[in-house]
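Peer 1: This is the structure I want to talk about, given as structure tokens.
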Amino acid sequence: MSWLTNVRNALAFVAKKETADNLWHKCKGCGQMVFVKELEDNLHVCPHCDHHERIGPLLRFEQIFDPGYTIVPLPKVPDDPLKFRDTKRYSDRIKAARVATAEGDALITARGAIEGRRAVVGVQDFAFMGGSMGLAVGEAFVRGVESAIADGCPYIIFTAAGGARMQEGILSLMQMPRATVAIQMLHDAGLPYIVVLTDPTTGGVTASYAMLGDVQIAEPGALIGFAGQRVIEQTIREKLPEGFQRAEYLLDHGMLDMVKHRRDLRETLAKLIDYLTVKQAA
């Protein structure tokens with residue numbers, strides 16, 4: 001290999017490094033390229049169109065909590081209770097999701113403080129098998145509620161899911177009533193339950209704990225619903241209105257209490273904790 005080839009290969013490597021994918025991000029809302037550092041500084045909200053990008057639990061905790069939060073360990077559950085297999089083994093899908101996200105399952109819970117107010121926060125990650133609800137998510141939800149009761153503080157859930165996890169069959173659907181009972185336990189302890197719906201929140205999660213909050217908040221533009229828009233249109237044989245199943249539409253029709261920009265969520269949650277805990281104690 002000649003010295004000229006060596007130099008050309010070295011230059012090609014430098015050029016590739018300088019234009020790496022992690023320097024730029026294409027907004028899913030407006031399609032514009034955004035400098036990643038600018039997107040991170042803006043809480044992963046597009047500075048051009050205000051589109052709220054999907055984020056994972058660790059980023060959400062950093063944005064919401066004061067410094068010093070702690071992760072609640074995930075409960076132990078069977079990874080593949082039905083020995084399910086479609087085009088791949090379910091156990092292989094779980095392993096791949098854990099490698100891709102560095103998370104144990106689709107719901108991660110943490111203890112901490114929000115502007116000095118104690119809270120337990122659970123965050124679903126759509127990147128982990130579509131944030132789907134299975135045994136692990138149900139157990140994590142119940143563990144989060146139990147942690148909030150032990151700490152005497154609210155439980156806040158950030159939902160993001162495609163629904164129940166089909167690979168766990170009826171066991172995944174059983175998590176819906178389990179979550180409902182856990183919420184009642186929280187209320188019996190005189191503690192508030194706050195839901196923040198993020199994009200997307202659909203299926204069995206919407207039919208259970210995502211719609212049972214004392215206060216229902218959503219991020220702007222979040223897709224929220226049970227069945228998909230195409231399925232609904234085919235069933236009722238009518239064209240659905242513009243913006244149907246988006247956060248703003250649901251707010252206008254009484255299904256949400258407020259739609260809040262990501263930059264305002266921390267302050268809003270702190271105020272709600274103050275109001276709801278005082279109200280419960282009165």
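Scheme for the structure tokens: letters A, B, ... for chains in order shown; per-chain residue numbers from 1; ligand numbers from 1 in order shown.
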Would you list the contacts of region 145-147 of chain A as a list in words, taking every protein, DNA or RNA residue within 10 Å and counting only C-alpha atoms, but skipping same-chain residues closer than 3 positions in sequence?

Peer 2: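 Here the answer would be Val72, Thr109, Ala110, Arg111, Ala119, Val120, Val121, Gly122, Glu139, Ala140, Phe141, Val142, Ala150, Asp151, Gly152, Cys153, Pro154, Tyr155, Ile156, Ile157, Ala179, Ala182, Ile183, Gln184, Met185, Leu186, Leu191 and Tyr193 of chain A.
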
Peer 1: Output N, CA, C and O atoms for every residue in that selection, as an mmCIF file, in the first residue's frame.

Peer 2:
```
data_model
loop_
_atom_site.group_PDB
_atom_site.id
_atom_site.type_symbol
_atom_site.label_atom_id
_atom_site.label_comp_id
_atom_site.auth_asym_id
_atom_site.auth_seq_id
_atom_site.Cartn_x
_atom_site.Cartn_y
_atom_site.Cartn_z
ATOM 1 N N VAL A 72 -35.148 2.525 41.835
ATOM 2 C CA VAL A 72 -35.758 1.416 42.576
ATOM 3 C C VAL A 72 -35.471 0.121 41.821
ATOM 4 O O VAL A 72 -35.753 0.032 40.622
ATOM 5 N N THR A 109 -38.343 2.859 37.694
ATOM 6 C CA THR A 109 -38.851 3.697 38.778
ATOM 7 C C THR A 109 -37.693 4.263 39.590
ATOM 8 O O THR A 109 -36.674 3.599 39.764
ATOM 9 N N ALA A 110 -37.875 5.490 40.082
ATOM 10 C CA ALA A 110 -36.834 6.127 40.892
ATOM 11 C C ALA A 110 -37.456 6.928 42.030
ATOM 12 O O ALA A 110 -38.581 7.440 41.917
ATOM 13 N N ARG A 111 -36.712 7.020 43.120
ATOM 14 C CA ARG A 111 -37.069 7.865 44.265
ATOM 15 C C ARG A 111 -36.229 9.131 44.209
ATOM 16 O O ARG A 111 -35.047 9.081 43.888
ATOM 17 N N ALA A 119 -40.902 12.534 45.869
ATOM 18 C CA ALA A 119 -41.782 11.871 44.918
ATOM 19 C C ALA A 119 -41.142 10.575 44.441
ATOM 20 O O ALA A 119 -39.917 10.438 44.436
ATOM 21 N N VAL A 120 -41.987 9.630 44.058
ATOM 22 C CA VAL A 120 -41.548 8.427 43.361
ATOM 23 C C VAL A 120 -42.063 8.548 41.934
ATOM 24 O O VAL A 120 -43.252 8.818 41.714
ATOM 25 N N VAL A 121 -41.159 8.372 40.966
ATOM 26 C CA VAL A 121 -41.511 8.582 39.555
ATOM 27 C C VAL A 121 -41.207 7.321 38.757
ATOM 28 O O VAL A 121 -40.108 6.767 38.847
ATOM 29 N N GLY A 122 -42.191 6.869 37.991
ATOM 30 C CA GLY A 122 -42.002 5.763 37.068
ATOM 31 C C GLY A 122 -42.026 6.280 35.641
ATOM 32 O O GLY A 122 -42.844 7.146 35.310
ATOM 33 N N GLU A 139 -45.279 -5.456 37.757
ATOM 34 C CA GLU A 139 -44.586 -5.543 39.041
ATOM 35 C C GLU A 139 -43.868 -4.245 39.385
ATOM 36 O O GLU A 139 -43.858 -3.806 40.535
ATOM 37 N N ALA A 140 -43.257 -3.624 38.377
ATOM 38 C CA ALA A 140 -42.560 -2.355 38.608
ATOM 39 C C ALA A 140 -43.539 -1.263 39.019
ATOM 40 O O ALA A 140 -43.227 -0.420 39.876
ATOM 41 N N PHE A 141 -44.723 -1.265 38.412
ATOM 42 C CA PHE A 141 -45.741 -0.279 38.779
ATOM 43 C C PHE A 141 -46.162 -0.462 40.235
ATOM 44 O O PHE A 141 -46.213 0.502 41.012
ATOM 45 N N VAL A 142 -46.453 -1.712 40.617
ATOM 46 C CA VAL A 142 -46.858 -1.982 42.002
ATOM 47 C C VAL A 142 -45.733 -1.636 42.969
ATOM 48 O O VAL A 142 -45.972 -1.034 44.029
ATOM 49 N N ALA A 150 -44.515 3.900 51.235
ATOM 50 C CA ALA A 150 -43.487 3.818 52.279
ATOM 51 C C ALA A 150 -42.856 5.176 52.547
ATOM 52 O O ALA A 150 -42.526 5.505 53.695
ATOM 53 N N ASP A 151 -42.695 5.983 51.486
ATOM 54 C CA ASP A 151 -42.077 7.309 51.629
ATOM 55 C C ASP A 151 -43.092 8.393 51.977
ATOM 56 O O ASP A 151 -42.710 9.536 52.246
ATOM 57 N N GLY A 152 -44.379 8.068 51.923
ATOM 58 C CA GLY A 152 -45.418 9.052 52.209
ATOM 59 C C GLY A 152 -45.437 10.182 51.192
ATOM 60 O O GLY A 152 -45.613 11.354 51.557
ATOM 61 N N CYS A 153 -45.293 9.832 49.903
ATOM 62 C CA CYS A 153 -45.210 10.854 48.864
ATOM 63 C C CYS A 153 -46.018 10.437 47.646
ATOM 64 O O CYS A 153 -46.459 9.287 47.550
ATOM 65 N N PRO A 154 -46.220 11.334 46.687
ATOM 66 C CA PRO A 154 -46.991 10.984 45.491
ATOM 67 C C PRO A 154 -46.256 9.981 44.608
ATOM 68 O O PRO A 154 -45.024 9.866 44.649
ATOM 69 N N TYR A 155 -47.049 9.284 43.781
ATOM 70 C CA TYR A 155 -46.494 8.456 42.717
ATOM 71 C C TYR A 155 -46.840 9.121 41.388
ATOM 72 O O TYR A 155 -48.010 9.428 41.119
ATOM 73 N N ILE A 156 -45.808 9.358 40.578
ATOM 74 C CA ILE A 156 -45.977 10.008 39.280
ATOM 75 C C ILE A 156 -45.528 9.036 38.201
ATOM 76 O O ILE A 156 -44.431 8.488 38.282
ATOM 77 N N ILE A 157 -46.374 8.832 37.195
ATOM 78 C CA ILE A 157 -46.028 7.916 36.116
ATOM 79 C C ILE A 157 -45.985 8.671 34.791
ATOM 80 O O ILE A 157 -46.882 9.448 34.487
ATOM 81 N N ALA A 179 -52.766 -2.959 38.472
ATOM 82 C CA ALA A 179 -52.391 -1.548 38.579
ATOM 83 C C ALA A 179 -53.524 -0.730 39.197
ATOM 84 O O ALA A 179 -53.285 0.176 40.011
ATOM 85 N N ALA A 182 -53.481 -1.241 42.875
ATOM 86 C CA ALA A 182 -52.345 -0.527 43.464
ATOM 87 C C ALA A 182 -52.660 0.960 43.613
ATOM 88 O O ALA A 182 -52.311 1.584 44.632
ATOM 89 N N ILE A 183 -53.323 1.540 42.617
ATOM 90 C CA ILE A 183 -53.701 2.957 42.694
ATOM 91 C C ILE A 183 -54.671 3.182 43.842
ATOM 92 O O ILE A 183 -54.576 4.193 44.564
ATOM 93 N N GLN A 184 -55.596 2.244 44.041
ATOM 94 C CA GLN A 184 -56.523 2.362 45.171
ATOM 95 C C GLN A 184 -55.775 2.294 46.501
ATOM 96 O O GLN A 184 -56.123 3.003 47.462
ATOM 97 N N MET A 185 -54.738 1.468 46.575
ATOM 98 C CA MET A 185 -53.903 1.418 47.780
ATOM 99 C C MET A 185 -53.269 2.774 48.052
ATOM 100 O O MET A 185 -53.193 3.226 49.205
ATOM 101 N N LEU A 186 -52.816 3.433 46.985
ATOM 102 C CA LEU A 186 -52.208 4.763 47.129
ATOM 103 C C LEU A 186 -53.234 5.765 47.660
ATOM 104 O O LEU A 186 -52.936 6.565 48.557
ATOM 105 N N LEU A 191 -52.525 9.506 49.416
ATOM 106 C CA LEU A 191 -51.452 10.052 48.585
ATOM 107 C C LEU A 191 -51.911 10.218 47.138
ATOM 108 O O LEU A 191 -52.685 9.402 46.627
ATOM 109 N N TYR A 193 -51.880 10.469 42.959
ATOM 110 C CA TYR A 193 -51.386 9.734 41.799
ATOM 111 C C TYR A 193 -51.492 10.655 40.583
ATOM 112 O O TYR A 193 -52.588 11.091 40.212
#
```

Peer 1: List the neighbours of region 238-246 of chain A out to 12 Å using only C-alpha atoms; skip same-chain residues closer than 4 positions along the sequence, and give me the result as a PyMOL selection string.

Peer 2: chain A and resi 197-202+206+218-234+250-253+255-256+259

Peer 1: Let me make sure I understand: among A:Lys76, A:His261, A:Arg93, A:Lys271, which one has the smallest atom-to-atom distance to Cys46 (chain A) if we use only C-alpha atoms?

Peer 2: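 Under the stated criterion, the closest residue is A:His261.
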
Peer 1: Find the distance between CA of Ile71 (chain A) and CA of Val36 (chain A) and write it in Å to one decimal.

Peer 2: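 Taking CA of Ile71 (chain A) as the start and CA of Val36 (chain A) as the end point, the length is 26.7 Å.
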
Peer 1: Find the spatial neighbours of Ala113 (chain A), counting only C-alpha atoms, within a cut-off of 9 Å - ignore same-chain residues fewer than 6 positions away - and output them as a list in words.

Peer 2: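 Returned residues: Ile64, Phe65, Asp66, Pro67, Gly68, Tyr69, Ala119 and Val120 of chain A.
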
Peer 1: Let me make sure I understand: among A:Gly130, A:Pro78, A:Gly190, A:Gly104, which one has the smallest atom-to-atom distance to Gly203 (chain A) if we use only C-alpha atoms?

Peer 2: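 The answer is A:Gly130, which sits nearest to Gly203 (chain A).
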
Peer 1: Which distance in Å separates CA of Gly138 (chain A) and CA of Arg178 (chain A), to one decimal?

Peer 2: 7.2 Å

Peer 1: Could you please write out, as a PDB file with N, CA and C atoms, in the first residue's frame, every residue of region 5-241 of chain A that DSSP assigns to strand (DSSP E)?

Peer 2:
```pdb
ATOM      1  N   TRP A  24     -25.809  15.290  14.432  1.00  0.00           N
ATOM      2  CA  TRP A  24     -27.031  15.881  13.911  1.00  0.00           C
ATOM      3  C   TRP A  24     -28.212  14.944  14.147  1.00  0.00           C
ATOM      4  N   HIS A  25     -29.385  15.542  14.274  1.00  0.00           N
ATOM      5  CA  HIS A  25     -30.615  14.772  14.469  1.00  0.00           C
ATOM      6  C   HIS A  25     -31.691  15.331  13.540  1.00  0.00           C
ATOM      7  N   LYS A  26     -32.377  14.442  12.838  1.00  0.00           N
ATOM      8  CA  LYS A  26     -33.472  14.863  11.969  1.00  0.00           C
ATOM      9  C   LYS A  26     -34.773  14.865  12.761  1.00  0.00           C
ATOM     10  N   MET A  33     -32.846  19.285  10.120  1.00  0.00           N
ATOM     11  CA  MET A  33     -31.688  18.780  10.842  1.00  0.00           C
ATOM     12  C   MET A  33     -31.364  19.717  12.001  1.00  0.00           C
ATOM     13  N   VAL A  34     -31.198  19.128  13.176  1.00  0.00           N
ATOM     14  CA  VAL A  34     -30.927  19.905  14.386  1.00  0.00           C
ATOM     15  C   VAL A  34     -29.607  19.431  14.975  1.00  0.00           C
ATOM     16  N   PHE A  35     -28.753  20.361  15.345  1.00  0.00           N
ATOM     17  CA  PHE A  35     -27.501  20.027  16.008  1.00  0.00           C
ATOM     18  C   PHE A  35     -27.825  19.340  17.327  1.00  0.00           C
ATOM     19  N   THR A  70     -32.483   8.043  43.322  1.00  0.00           N
ATOM     20  CA  THR A  70     -32.022   6.648  43.325  1.00  0.00           C
ATOM     21  C   THR A  70     -33.015   5.775  42.555  1.00  0.00           C
ATOM     22  N   ILE A  71     -32.485   4.812  41.808  1.00  0.00           N
ATOM     23  CA  ILE A  71     -33.315   3.901  41.041  1.00  0.00           C
ATOM     24  C   ILE A  71     -33.857   2.802  41.956  1.00  0.00           C
ATOM     25  N   VAL A  72     -35.148   2.525  41.835  1.00  0.00           N
ATOM     26  CA  VAL A  72     -35.758   1.416  42.576  1.00  0.00           C
ATOM     27  C   VAL A  72     -35.471   0.121  41.821  1.00  0.00           C
ATOM     28  N   LEU A 107     -40.441  -0.332  32.157  1.00  0.00           N
ATOM     29  CA  LEU A 107     -40.798   0.652  33.184  1.00  0.00           C
ATOM     30  C   LEU A 107     -39.708   0.705  34.238  1.00  0.00           C
ATOM     31  N   ILE A 108     -39.131   1.892  34.401  1.00  0.00           N
ATOM     32  CA  ILE A 108     -38.088   2.115  35.400  1.00  0.00           C
ATOM     33  C   ILE A 108     -38.612   3.120  36.421  1.00  0.00           C
ATOM     34  N   THR A 109     -38.343   2.859  37.694  1.00  0.00           N
ATOM     35  CA  THR A 109     -38.851   3.697  38.778  1.00  0.00           C
ATOM     36  C   THR A 109     -37.693   4.263  39.590  1.00  0.00           C
ATOM     37  N   ALA A 110     -37.875   5.490  40.082  1.00  0.00           N
ATOM     38  CA  ALA A 110     -36.834   6.127  40.892  1.00  0.00           C
ATOM     39  C   ALA A 110     -37.456   6.928  42.030  1.00  0.00           C
ATOM     40  N   ARG A 111     -36.712   7.020  43.120  1.00  0.00           N
ATOM     41  CA  ARG A 111     -37.069   7.865  44.265  1.00  0.00           C
ATOM     42  C   ARG A 111     -36.229   9.131  44.209  1.00  0.00           C
ATOM     43  N   GLY A 112     -36.838  10.247  44.563  1.00  0.00           N
ATOM     44  CA  GLY A 112     -36.076  11.483  44.582  1.00  0.00           C
ATOM     45  C   GLY A 112     -36.923  12.650  45.049  1.00  0.00           C
ATOM     46  N   ALA A 113     -36.508  13.855  44.659  1.00  0.00           N
ATOM     47  CA  ALA A 113     -37.235  15.069  45.023  1.00  0.00           C
ATOM     48  C   ALA A 113     -37.390  15.954  43.792  1.00  0.00           C
ATOM     49  N   ILE A 114     -38.521  16.633  43.714  1.00  0.00           N
ATOM     50  CA  ILE A 114     -38.802  17.581  42.638  1.00  0.00           C
ATOM     51  C   ILE A 114     -38.940  18.952  43.261  1.00  0.00           C
ATOM     52  N   ARG A 117     -39.599  18.582  46.842  1.00  0.00           N
ATOM     53  CA  ARG A 117     -40.757  17.778  47.244  1.00  0.00           C
ATOM     54  C   ARG A 117     -40.493  16.310  46.926  1.00  0.00           C
ATOM     55  N   ARG A 118     -40.613  15.455  47.896  1.00  0.00           N
ATOM     56  CA  ARG A 118     -40.344  14.032  47.675  1.00  0.00           C
ATOM     57  C   ARG A 118     -41.358  13.437  46.701  1.00  0.00           C
ATOM     58  N   ALA A 119     -40.902  12.534  45.869  1.00  0.00           N
ATOM     59  CA  ALA A 119     -41.782  11.871  44.918  1.00  0.00           C
ATOM     60  C   ALA A 119     -41.142  10.575  44.441  1.00  0.00           C
ATOM     61  N   VAL A 120     -41.987   9.630  44.058  1.00  0.00           N
ATOM     62  CA  VAL A 120     -41.548   8.427  43.361  1.00  0.00           C
ATOM     63  C   VAL A 120     -42.063   8.548  41.934  1.00  0.00           C
ATOM     64  N   VAL A 121     -41.159   8.372  40.966  1.00  0.00           N
ATOM     65  CA  VAL A 121     -41.511   8.582  39.555  1.00  0.00           C
ATOM     66  C   VAL A 121     -41.207   7.321  38.757  1.00  0.00           C
ATOM     67  N   GLY A 122     -42.191   6.869  37.991  1.00  0.00           N
ATOM     68  CA  GLY A 122     -42.002   5.763  37.068  1.00  0.00           C
ATOM     69  C   GLY A 122     -42.026   6.280  35.641  1.00  0.00           C
ATOM     70  N   VAL A 123     -41.133   5.774  34.797  1.00  0.00           N
ATOM     71  CA  VAL A 123     -41.052   6.211  33.401  1.00  0.00           C
ATOM     72  C   VAL A 123     -41.049   4.997  32.491  1.00  0.00           C
ATOM     73  N   GLN A 124     -41.993   4.956  31.565  1.00  0.00           N
ATOM     74  CA  GLN A 124     -41.999   3.905  30.551  1.00  0.00           C
ATOM     75  C   GLN A 124     -41.135   4.317  29.376  1.00  0.00           C
ATOM     76  N   TYR A 155     -47.049   9.284  43.781  1.00  0.00           N
ATOM     77  CA  TYR A 155     -46.494   8.456  42.717  1.00  0.00           C
ATOM     78  C   TYR A 155     -46.840   9.121  41.388  1.00  0.00           C
ATOM     79  N   ILE A 156     -45.808   9.358  40.578  1.00  0.00           N
ATOM     80  CA  ILE A 156     -45.977  10.008  39.280  1.00  0.00           C
ATOM     81  C   ILE A 156     -45.528   9.036  38.201  1.00  0.00           C
ATOM     82  N   ILE A 157     -46.374   8.832  37.195  1.00  0.00           N
ATOM     83  CA  ILE A 157     -46.028   7.916  36.116  1.00  0.00           C
ATOM     84  C   ILE A 157     -45.985   8.671  34.791  1.00  0.00           C
ATOM     85  N   PHE A 158     -44.901   8.466  34.032  1.00  0.00           N
ATOM     86  CA  PHE A 158     -44.799   8.976  32.667  1.00  0.00           C
ATOM     87  C   PHE A 158     -45.067   7.803  31.738  1.00  0.00           C
ATOM     88  N   THR A 159     -46.204   7.823  31.064  1.00  0.00           N
ATOM     89  CA  THR A 159     -46.587   6.694  30.226  1.00  0.00           C
ATOM     90  C   THR A 159     -46.079   6.857  28.796  1.00  0.00           C
ATOM     91  N   ALA A 160     -45.721   5.740  28.186  1.00  0.00           N
ATOM     92  CA  ALA A 160     -45.346   5.688  26.765  1.00  0.00           C
ATOM     93  C   ALA A 160     -45.407   4.228  26.375  1.00  0.00           C
ATOM     94  N   ALA A 161     -46.461   3.833  25.664  1.00  0.00           N
ATOM     95  CA  ALA A 161     -46.644   2.399  25.418  1.00  0.00           C
ATOM     96  C   ALA A 161     -47.523   2.145  24.208  1.00  0.00           C
ATOM     97  N   TYR A 193     -51.880  10.469  42.959  1.00  0.00           N
ATOM     98  CA  TYR A 193     -51.386   9.734  41.799  1.00  0.00           C
ATOM     99  C   TYR A 193     -51.492  10.655  40.583  1.00  0.00           C
ATOM    100  N   ILE A 194     -50.343  10.989  39.991  1.00  0.00           N
ATOM    101  CA  ILE A 194     -50.294  11.942  38.885  1.00  0.00           C
ATOM    102  C   ILE A 194     -49.792  11.231  37.635  1.00  0.00           C
ATOM    103  N   VAL A 195     -50.473  11.446  36.522  1.00  0.00           N
ATOM    104  CA  VAL A 195     -50.112  10.814  35.251  1.00  0.00           C
ATOM    105  C   VAL A 195     -49.658  11.870  34.256  1.00  0.00           C
ATOM    106  N   VAL A 196     -48.515  11.609  33.625  1.00  0.00           N
ATOM    107  CA  VAL A 196     -48.034  12.445  32.526  1.00  0.00           C
ATOM    108  C   VAL A 196     -47.984  11.556  31.284  1.00  0.00           C
ATOM    109  N   LEU A 197     -48.862  11.825  30.333  1.00  0.00           N
ATOM    110  CA  LEU A 197     -48.944  11.006  29.126  1.00  0.00           C
ATOM    111  C   LEU A 197     -48.004  11.571  28.067  1.00  0.00           C
ATOM    112  N   THR A 198     -47.119  10.722  27.561  1.00  0.00           N
ATOM    113  CA  THR A 198     -46.173  11.146  26.541  1.00  0.00           C
ATOM    114  C   THR A 198     -46.410  10.332  25.270  1.00  0.00           C
ATOM    115  N   ASP A 199     -45.764  10.720  24.214  1.00  0.00           N
ATOM    116  CA  ASP A 199     -45.982  10.099  22.908  1.00  0.00           C
ATOM    117  C   ASP A 199     -45.219   8.790  22.757  1.00  0.00           C
ATOM    118  N   PRO A 200     -45.916   7.694  22.382  1.00  0.00           N
ATOM    119  CA  PRO A 200     -47.373   7.523  22.333  1.00  0.00           C
ATOM    120  C   PRO A 200     -47.855   6.773  23.569  1.00  0.00           C
ATOM    121  N   THR A 201     -49.115   6.949  23.936  1.00  0.00           N
ATOM    122  CA  THR A 201     -49.735   6.161  25.005  1.00  0.00           C
ATOM    123  C   THR A 201     -51.000   5.547  24.438  1.00  0.00           C
ATOM    124  N   VAL A 215     -54.633  13.819  38.573  1.00  0.00           N
ATOM    125  CA  VAL A 215     -54.415  14.878  37.586  1.00  0.00           C
ATOM    126  C   VAL A 215     -53.826  14.232  36.342  1.00  0.00           C
ATOM    127  N   GLN A 216     -54.387  14.580  35.177  1.00  0.00           N
ATOM    128  CA  GLN A 216     -53.926  14.038  33.892  1.00  0.00           C
ATOM    129  C   GLN A 216     -53.227  15.150  33.115  1.00  0.00           C
ATOM    130  N   ILE A 217     -51.926  14.966  32.878  1.00  0.00           N
ATOM    131  CA  ILE A 217     -51.129  15.933  32.116  1.00  0.00           C
ATOM    132  C   ILE A 217     -50.645  15.219  30.845  1.00  0.00           C
ATOM    133  N   ALA A 218     -50.400  15.984  29.794  1.00  0.00           N
ATOM    134  CA  ALA A 218     -49.811  15.397  28.587  1.00  0.00           C
ATOM    135  C   ALA A 218     -48.806  16.378  28.002  1.00  0.00           C
TER     136      ALA A 218
END
```

Peer 1: Neighbouring residues of Lys28 (chain A) were defined as those with any atom within 9 Å, considering only C-alpha atoms; residues of the same chain fewer than 3 positions away were excluded. Please report them as a VMD selection string.

Peer 2: chain A and resid 31 to 32 46 51 53

Peer 1: Dump N, CA, C and O atoms for the selected residues as an mmCIF file, in the first residue's frame?

Peer 2:
```cif
data_model
loop_
_atom_site.group_PDB
_atom_site.id
_atom_site.type_symbol
_atom_site.label_atom_id
_atom_site.label_comp_id
_atom_site.auth_asym_id
_atom_site.auth_seq_id
_atom_site.Cartn_x
_atom_site.Cartn_y
_atom_site.Cartn_z
ATOM 1 N N GLY A 31 -38.841 17.640 10.105
ATOM 2 C CA GLY A 31 -37.882 17.081 9.167
ATOM 3 C C GLY A 31 -36.578 17.851 9.057
ATOM 4 O O GLY A 31 -35.696 17.458 8.288
ATOM 5 N N GLN A 32 -36.423 18.920 9.809
ATOM 6 C CA GLN A 32 -35.194 19.700 9.747
ATOM 7 C C GLN A 32 -34.082 19.031 10.551
ATOM 8 O O GLN A 32 -34.334 18.327 11.528
ATOM 9 N N CYS A 46 -37.591 20.053 19.608
ATOM 10 C CA CYS A 46 -37.090 20.712 18.404
ATOM 11 C C CYS A 46 -37.191 22.231 18.534
ATOM 12 O O CYS A 46 -38.274 22.754 18.824
ATOM 13 N N HIS A 51 -41.483 20.151 18.379
ATOM 14 C CA HIS A 51 -41.821 18.728 18.479
ATOM 15 C C HIS A 51 -41.079 18.104 19.659
ATOM 16 O O HIS A 51 -39.869 18.245 19.794
ATOM 17 N N GLU A 53 -39.431 15.163 21.244
ATOM 18 C CA GLU A 53 -38.874 13.857 20.906
ATOM 19 C C GLU A 53 -39.087 12.882 22.072
ATOM 20 O O GLU A 53 -39.179 13.277 23.232
#
```

Peer 1: With a distance cut-off of 10 Å and only C-alpha atoms, select the neighbouring residues of Ile170 (chain A), excluding the residue or stretch itself and same-chain residues fewer than 5 positions from it, and output the selection as a list in words.

Peer 2: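 Surrounding residues, per the criterion: Leu82, Gly134, Ala164, Arg165 and Gln175 of chain A.
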
Peer 1: Using only N, CA and C atoms, please write the residues we just selected to a file, as a CSV table (one decimal), in the first residue's frame.

Peer 2:
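This went into again_13.csv:
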```
chain,number,residue,atom,x,y,z
A,82,LEU,N,-44.6,-18.0,29.1
A,82,LEU,CA,-45.4,-18.8,28.2
A,82,LEU,C,-44.5,-19.6,27.2
A,134,GLY,N,-46.1,-5.9,30.4
A,134,GLY,CA,-46.1,-7.3,30.7
A,134,GLY,C,-45.9,-7.5,32.2
A,164,ALA,N,-50.5,-3.7,25.8
A,164,ALA,CA,-50.1,-5.0,26.5
A,164,ALA,C,-49.1,-5.7,25.6
A,165,ARG,N,-48.3,-6.5,26.3
A,165,ARG,CA,-47.3,-7.3,25.6
A,165,ARG,C,-47.8,-8.7,25.1
A,175,GLN,N,-52.2,-7.3,34.3
A,175,GLN,CA,-51.6,-6.2,34.9
A,175,GLN,C,-52.5,-5.0,35.0
```

Peer 1: I want to know what sits within 12 Å of Asp80 (chain A), based on only C-alpha atoms, with residues of the same chain fewer than 2 positions away left out; could you give that as an MDAnalysis selection string?

Peer 2: chainID A and resid 77:78 82:85 89:95 134:136 165:169 171:172
